[in-house]
Each structure stands twice: as structure tokens, then as C-alpha cells.
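Asks: Input structure: entry-v9.txt, which contains compact mmCIF, C-alpha atoms and all ligand atoms.
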# COMPACT_ATOMS: atom_id res chain seq x y z
CA MET A 23 6.82 15.54 22.47
CA ASN A 24 8.21 13.47 25.31
CA TYR A 25 10.02 10.19 24.99
CA ALA A 26 10.49 7.29 27.40
CA ASN A 27 13.66 5.72 25.98
CA ILE A 28 16.13 5.68 23.13
CA PHE A 29 18.07 2.47 22.51
CA THR A 30 20.95 2.15 20.06
CA SER A 31 22.20 -1.13 18.53
CA ASP A 32 18.77 -2.60 19.30
CA THR A 33 18.26 -6.06 17.76
CA VAL A 34 14.79 -6.73 19.19
CA ASN A 35 12.60 -4.18 17.39
CA GLY A 36 13.07 -4.98 13.71
CA THR A 37 15.70 -6.26 11.31
CA GLY A 38 19.41 -5.77 11.98
CA PHE A 39 20.88 -3.26 14.38
CA ARG A 40 18.51 -0.36 14.87
CA THR A 41 18.02 2.78 16.91
CA SER A 42 14.69 2.55 18.74
CA LEU A 43 12.79 5.59 19.97
CA PHE A 44 9.97 5.02 22.47
CA VAL A 45 7.70 8.08 22.49
CA SER A 46 5.46 8.90 25.46
CA GLY A 47 1.70 9.19 25.33
CA CYS A 48 -1.21 7.19 24.00
CA SER A 49 -4.82 8.37 23.68
CA LYS A 50 -6.44 4.94 23.51
CA ASN A 51 -9.32 5.00 25.98
CA PRO A 52 -9.89 2.44 27.29
CA PRO A 53 -6.29 1.31 26.85
CA CYS A 54 -5.49 -2.08 25.33
CA LYS A 55 -5.98 -4.79 27.95
CA GLY A 56 -2.49 -5.97 28.92
CA CYS A 57 -0.83 -2.78 27.61
CA TRP A 58 2.86 -3.56 27.94
CA SER A 59 4.00 -0.02 28.81
CA PRO A 60 1.25 1.58 30.94
CA GLU A 61 3.56 4.28 32.36
CA ALA A 62 4.49 5.44 28.83
CA ARG A 63 0.79 6.12 28.08
CA GLN A 64 1.16 9.44 29.90
CA PHE A 65 2.14 12.25 27.50
CA ASN A 66 4.35 13.89 30.14
CA TYR A 67 6.26 10.68 30.95
CA GLY A 68 10.03 10.71 30.42
CA ASN A 69 11.91 13.62 28.90
CA THR A 70 11.28 16.29 26.30
CA PHE A 71 12.61 15.27 22.90
CA THR A 72 15.17 17.91 21.91
CA VAL A 73 17.25 18.84 18.86
CA LYS A 74 20.18 17.16 20.64
CA ASN A 75 18.19 13.91 20.81
CA LYS A 76 17.40 14.22 17.12
CA GLU A 77 21.05 14.77 16.18
CA ALA A 78 22.15 11.88 18.43
CA ILE A 79 19.67 9.59 16.65
CA ILE A 80 20.90 10.71 13.22
CA GLU A 81 24.49 10.11 14.31
CA SER A 82 23.64 6.64 15.67
CA LEU A 83 22.02 5.70 12.35
CA ASP A 84 24.94 6.94 10.26
CA LYS A 85 26.94 3.74 10.58
CA PRO A 86 27.21 1.04 7.91
CA TYR A 87 26.06 -1.76 10.25
CA VAL A 88 22.89 0.05 11.40
CA SER A 89 19.76 -0.83 9.40
CA GLY A 90 17.43 1.93 10.50
CA LEU A 91 15.13 3.60 12.99
CA SER A 92 12.24 2.00 14.91
CA ILE A 93 9.57 4.22 16.47
CA LEU A 94 7.45 2.73 19.24
CA GLY A 95 5.32 3.97 22.10
CA GLY A 96 3.19 4.85 23.79
CA GLU A 97 1.50 5.64 20.50
CA PRO A 98 3.58 7.41 17.83
CA MET A 99 0.46 8.32 15.84
CA ASP A 100 -0.90 10.29 18.83
CA ASN A 101 2.34 12.28 18.87
CA LEU A 102 2.24 14.05 15.53
CA GLY A 103 0.67 17.35 16.64
CA ASP A 104 3.93 19.24 17.26
CA ARG A 105 5.55 17.84 14.08
CA VAL A 106 8.69 16.76 15.98
CA LEU A 107 8.35 13.16 14.80
CA LEU A 108 7.57 14.27 11.26
CA ASP A 109 10.71 16.40 11.24
CA LEU A 110 12.77 13.43 12.51
CA VAL A 111 11.58 10.95 9.87
CA LYS A 112 11.94 13.56 7.09
CA THR A 113 15.52 14.26 8.13
CA VAL A 114 16.39 10.55 8.32
CA LYS A 115 15.05 9.96 4.80
CA GLN A 116 16.78 13.07 3.42
CA ARG A 117 20.19 12.49 5.00
CA LEU A 118 20.37 8.70 5.25
CA THR A 119 18.50 7.37 2.25
CA SER A 120 19.44 3.71 2.76
CA LYS A 121 18.02 3.44 6.29
CA THR A 122 14.59 1.96 6.88
CA ILE A 123 12.03 3.41 9.28
CA PHE A 124 9.70 1.05 11.13
CA CYS A 125 6.78 2.31 13.22
CA TRP A 126 4.45 0.61 15.70
CA SER A 127 0.84 1.74 16.08
CA GLY A 128 -2.25 0.52 17.86
CA TYR A 129 -4.34 1.87 14.97
CA THR A 130 -4.79 0.06 11.68
CA PHE A 131 -3.21 1.27 8.45
CA GLU A 132 -6.69 1.67 6.92
CA ASP A 133 -7.75 4.00 9.77
CA LEU A 134 -4.52 5.99 9.76
CA ILE A 135 -4.61 6.92 6.08
CA LYS A 136 -7.99 8.65 6.59
CA ASN A 137 -6.20 11.39 8.58
CA PRO A 138 -4.10 13.84 6.50
CA ILE A 139 -1.49 14.40 9.26
CA LYS A 140 -0.99 10.67 9.78
CA LEU A 141 -0.96 10.05 6.05
CA ASP A 142 1.75 12.70 5.68
CA PHE A 143 3.85 10.96 8.34
CA LEU A 144 3.35 7.56 6.66
CA GLN A 145 5.04 8.89 3.49
CA TYR A 146 8.35 8.36 5.36
CA ILE A 147 7.63 4.97 6.94
CA ASP A 148 8.74 1.68 5.39
CA MET A 149 7.06 -0.81 7.71
CA LEU A 150 4.06 -0.21 9.97
CA ARG A 151 3.38 -2.73 12.71
CA ASP A 152 -0.32 -1.99 13.03
CA GLY A 153 -3.37 -2.83 15.09
CA GLU A 154 -4.44 -2.90 18.68
CA PHE A 155 -2.73 -5.29 21.09
CA ILE A 156 -5.32 -7.96 22.02
CA GLU A 157 -4.25 -9.94 25.05
CA GLU A 158 -6.35 -12.99 24.12
CA LEU A 159 -4.45 -13.18 20.80
CA LYS A 160 -1.00 -12.66 22.35
CA ASP A 161 1.66 -14.70 20.57
CA ILE A 162 5.24 -14.50 21.80
CA THR A 163 6.42 -16.92 19.07
CA GLN A 164 5.65 -14.63 16.11
CA TYR A 165 8.21 -12.20 14.71
CA LEU A 166 8.10 -8.93 16.69
CA SER A 167 5.72 -10.67 19.11
CA GLY A 168 2.52 -8.79 20.05
CA SER A 169 -0.85 -10.33 19.16
CA LYS A 170 -1.87 -12.38 16.12
CA ASN A 171 -4.13 -9.64 14.68
CA GLN A 172 -1.19 -7.23 14.30
CA ARG A 173 0.37 -7.00 10.85
CA MET A 174 3.56 -5.78 9.24
CA VAL A 175 2.38 -3.43 6.50
CA ASN A 176 4.60 -2.42 3.59
CA VAL A 177 3.59 1.23 3.74
CA GLN A 178 5.18 2.51 0.54
CA GLU A 179 3.78 -0.31 -1.62
CA SER A 180 0.38 0.01 0.04
CA LEU A 181 0.23 3.76 -0.61
CA LYS A 182 1.36 3.29 -4.21
CA LEU A 183 -1.11 0.49 -5.00
CA ASN A 184 -3.93 1.87 -2.84
CA LYS A 185 -4.41 -1.43 -1.02
CA THR A 186 -2.81 -3.00 2.05
CA ILE A 187 0.33 -4.96 1.16
CA LEU A 188 2.22 -6.87 3.84
CA TYR A 189 5.93 -6.29 4.41
S1 LIG A 201 -1.71 1.38 21.84
FE1 LIG A 201 0.14 0.65 22.92
S2 LIG A 201 0.48 2.18 24.56
FE2 LIG A 201 -1.62 2.47 23.81
S3 LIG A 201 -2.88 1.26 25.22
FE3 LIG A 201 -2.42 -0.05 23.45
S4 LIG A 201 -0.55 -1.18 24.03
FE4 LIG A 201 -0.76 0.54 25.46
Could you render the structure as C-alpha cells?
Ligand code: SF4

Replies:
Amino acid sequence: MNYANIFTSDTVNGTGFRTSLFVSGCSKNPPCKGCWSPEARQFNYGNTFTVKNKEAIIESLDKPYVSGLSILGGEPMDNLGDRVLLDLVKTVKQRLTSKTIFCWSGYTFEDLIKNPIKLDFLQYIDMLRDGEFIEELKDITQYLSGSKNQRMVNVQESLKLNKTILY
């Protein structure tokens, strides 16, 4: 897996101070109109995500003032084939139990849970910002911005109750 950026002490992508990982690559074809990171749609964009990157992320999260990890893209859900992301979220939840994990996806929660690999990954996610970005519904005033159709899904509650619950 490649990544485009890693930000620490990020206050834009979720609650509190967070570490944000922007993975490279998105399979949406055609892409969302107005895609905000067209260069990061290429799977070979940026750098290879290494064990060093993983350990640096864990270290950045292991501070009392850091709330958790945010995973954005590109499209994280198109980056699960090599299990690098799965290994990262598993490690975060095993080693740093109080930290939340937020993930952004252009797919809906209902579509994602139909796929066993994506469902497995979702077992470690607290909040999923889901749905395609629709330029006509763009709303820069809403929390986490994006477009009005996109939701914040409480993944753990939704999986437990077998229906979509908002975060
Ligand atoms: S899902 Fe994200 S990266 Fe992919 S085309 Fe849409 S906005 Fe761009």
C-alpha cells in the first residue's frame, strides 16, 4: 500500500488531536465529480507504507492528548488487499485501547458490509464517514465538510444492532 501523507496533531479530520493517514489509490470509475484529491487516486502515488511508518503512527497516538487515528484517501476500502491497513488498525486497538479510529469511504456502510474483507476491517473502526462525494450537494458548513449525503456512521453500534446507527 502507498500513502500520500501522514499528519500528526491534526485537528481538521475528526474530534480532538488526531494522526491522519491519507492512503493512495481509489478504484471509483468514473471518479466522483469534484474529487478533492485527484492525484491520490493513483495507487502508486506517494510512498510505500512501511513498518517504520506504522510504528511512527503508533508512537504519535500514544500520547494522552491524542484522541485517535483518522484514515482517509484516496479510498481506504480499496486498499485492503495487502492487509497492511488491517494490521495497522488491529495493532492500534490492541495496544491503545482508548483511541478511536475514524475512516472515510466513498462507499456506503450498507455496501461495505456485504464484502467479508471490508467487514473484517470495519470491526476495528469506530466512525465511518461514508458515501460518495456529490459536488451538487457540497456543504462546507457541515461538520467534516464533504457533501450532504455523507453520513457519520457509528460502526460498532451498527454492527451490533444490524442496522445503520449514526455516530
Ligand atoms: S472516493 Fe474519494 S478519492 Fe475516490 S473519486 Fe471519490 S472523492 Fe476521489

Asks: Which residues are near ligand LIG 201 (chain A) in this structure, taking near to mean any atom at most 12 Å from a ligand atom and counting all atoms listed in the file? Format them as JSON, numbers by chain.

Replies: {"A": [26, 44, 45, 46, 47, 48, 49, 50, 51, 52, 53, 54, 55, 56, 57, 58, 59, 60, 61, 62, 63, 64, 65, 93, 94, 95, 96, 97, 98, 99, 100, 101, 125, 126, 127, 128, 129, 130, 151, 152, 153, 154, 155, 156, 157, 160, 168, 169, 172]}

Asks: I'd like the interatomic distance between atom CA of A:Phe29 and atom CA of A:Ser42, to a tenth of an Å.

Replies: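 Atom CA of A:Phe29 sits 5.1 Å away from atom CA of A:Ser42.
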
Asks: Each residue of stretch 96-139 of chain A with at least one atom at most 8 Å from stretch 70-86 of chain A should appear once, together with its nearest atom pair and the corresponding distance in Å (one decimal); atoms considered: all atoms listed in the file; ordering: chain, then increasing residue number; output as a tab-separated table.

Replies:
residue	atom	partner	partner_atom	distance
A:Leu110	CA	A:Lys76	CA	6.6
A:Val114	CA	A:Ile80	CA	6.7
A:Leu118	CA	A:Asp84	CA	7.0
A:Lys121	CA	A:Leu83	CA	7.6

Asks: Between A:Ser89, A:Asn171, A:Thr41, A:Thr122, single out the one closest to A:Tyr146, counting only C-alpha atoms.

Replies: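 Under the stated criterion, the closest residue is A:Thr122.
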
Asks: Please identify all polymer residues within 12 Å of A:Leu141, counting all atoms listed in the file, omitting same-chain residues fewer than 5 positions from it, and present them as a PyMOL selection string.

Replies: chain A and resi 99+102+108+131-136+146-147+177-178+180-181

Asks: With C-alpha atoms retained, write the just-selected residues as a compact mmCIF listing (two decimals), in the frame of the given file.

Replies:
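Output (again_12.txt):
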# COMPACT_ATOMS: atom_id res chain seq x y z
CA MET A 99 0.46 8.32 15.84
CA LEU A 102 2.24 14.05 15.53
CA LEU A 108 7.57 14.27 11.26
CA PHE A 131 -3.21 1.27 8.45
CA GLU A 132 -6.69 1.67 6.92
CA ASP A 133 -7.75 4.00 9.77
CA LEU A 134 -4.52 5.99 9.76
CA ILE A 135 -4.61 6.92 6.08
CA LYS A 136 -7.99 8.65 6.59
CA TYR A 146 8.35 8.36 5.36
CA ILE A 147 7.63 4.97 6.94
CA VAL A 177 3.59 1.23 3.74
CA GLN A 178 5.18 2.51 0.54
CA SER A 180 0.38 0.01 0.04
CA LEU A 181 0.23 3.76 -0.61

Asks: Kindly extract all protein, DNA and RNA residues lying within 12 Å of the coordinates (21.0, -1.3, 20.8) given in the file, considering all atoms listed in the file, and supply them as a list in words.

Replies: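 Residues with an atom at most 12 Å from (21.0, -1.3, 20.8): Asn27, Ile28, Phe29, Thr30, Ser31, Asp32, Thr33, Val34, Asn35, Gly36, Thr37, Gly38, Phe39, Arg40, Thr41, Ser42, Leu43, Ile79, Ser82, Leu83, Tyr87, Val88, Ser89, Gly90, Leu91 and Ser92 of chain A.
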
Asks: For A:Thr186, which of A:Arg173, A:Lys112, A:Arg105, A:Arg117 is the closest residue, counting all atoms listed in the file?

Replies: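 Checking each of A:Arg173, A:Lys112, A:Arg105, A:Arg117 against A:Thr186, counting all atoms listed in the file, the winner is A:Arg173.
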
Asks: How many Å separate atom CA of A:Val111 from atom CA of A:Leu166?

Replies: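 Between these atoms lies a distance of 21.3 Å.
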
Asks: Identify which of the residues A:Met174, A:Gln164, A:Gly103, A:Glu158 lies closest to A:Ile139, counting only C-alpha atoms when measuring atom-to-atom distances.

Replies: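 Under the stated criterion, the closest residue is A:Gly103.
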
Asks: To test the calculation: enclose all listed atoms of stretch 141-158 of chain A in a box whose edges run along x, y and z, add 6 Å on each side, then state centre and edge lengths in Å to one decimal, as JSON.

Replies:
{"center_x": 1.2, "center_y": -0.1, "center_z": 14.3, "size_x": 27.1, "size_y": 37.7, "size_z": 33.6}

Asks: Record the distance separating atom CA of A:Ile123 and atom CA of A:Ile162, expressed in Å with one decimal.

Replies: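 About the pair atom CA of A:Ile123 and atom CA of A:Ile162: they are 22.9 Å apart.
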
Asks: Tell me which of A:Tyr25, A:Lys170, A:Phe124, A:Val106 sits closest to A:Gln145, counting only C-alpha atoms.

Replies: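 Result for the nearest residue to A:Gln145: A:Phe124.
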
Asks: Neighbourhood query: residues within 7 Å of (3.1, -2.2, 6.3), file coordinates, counting all atoms listed in the file; return as number ranges by chain.

Replies: A: 148-151, 174-177, 187-189
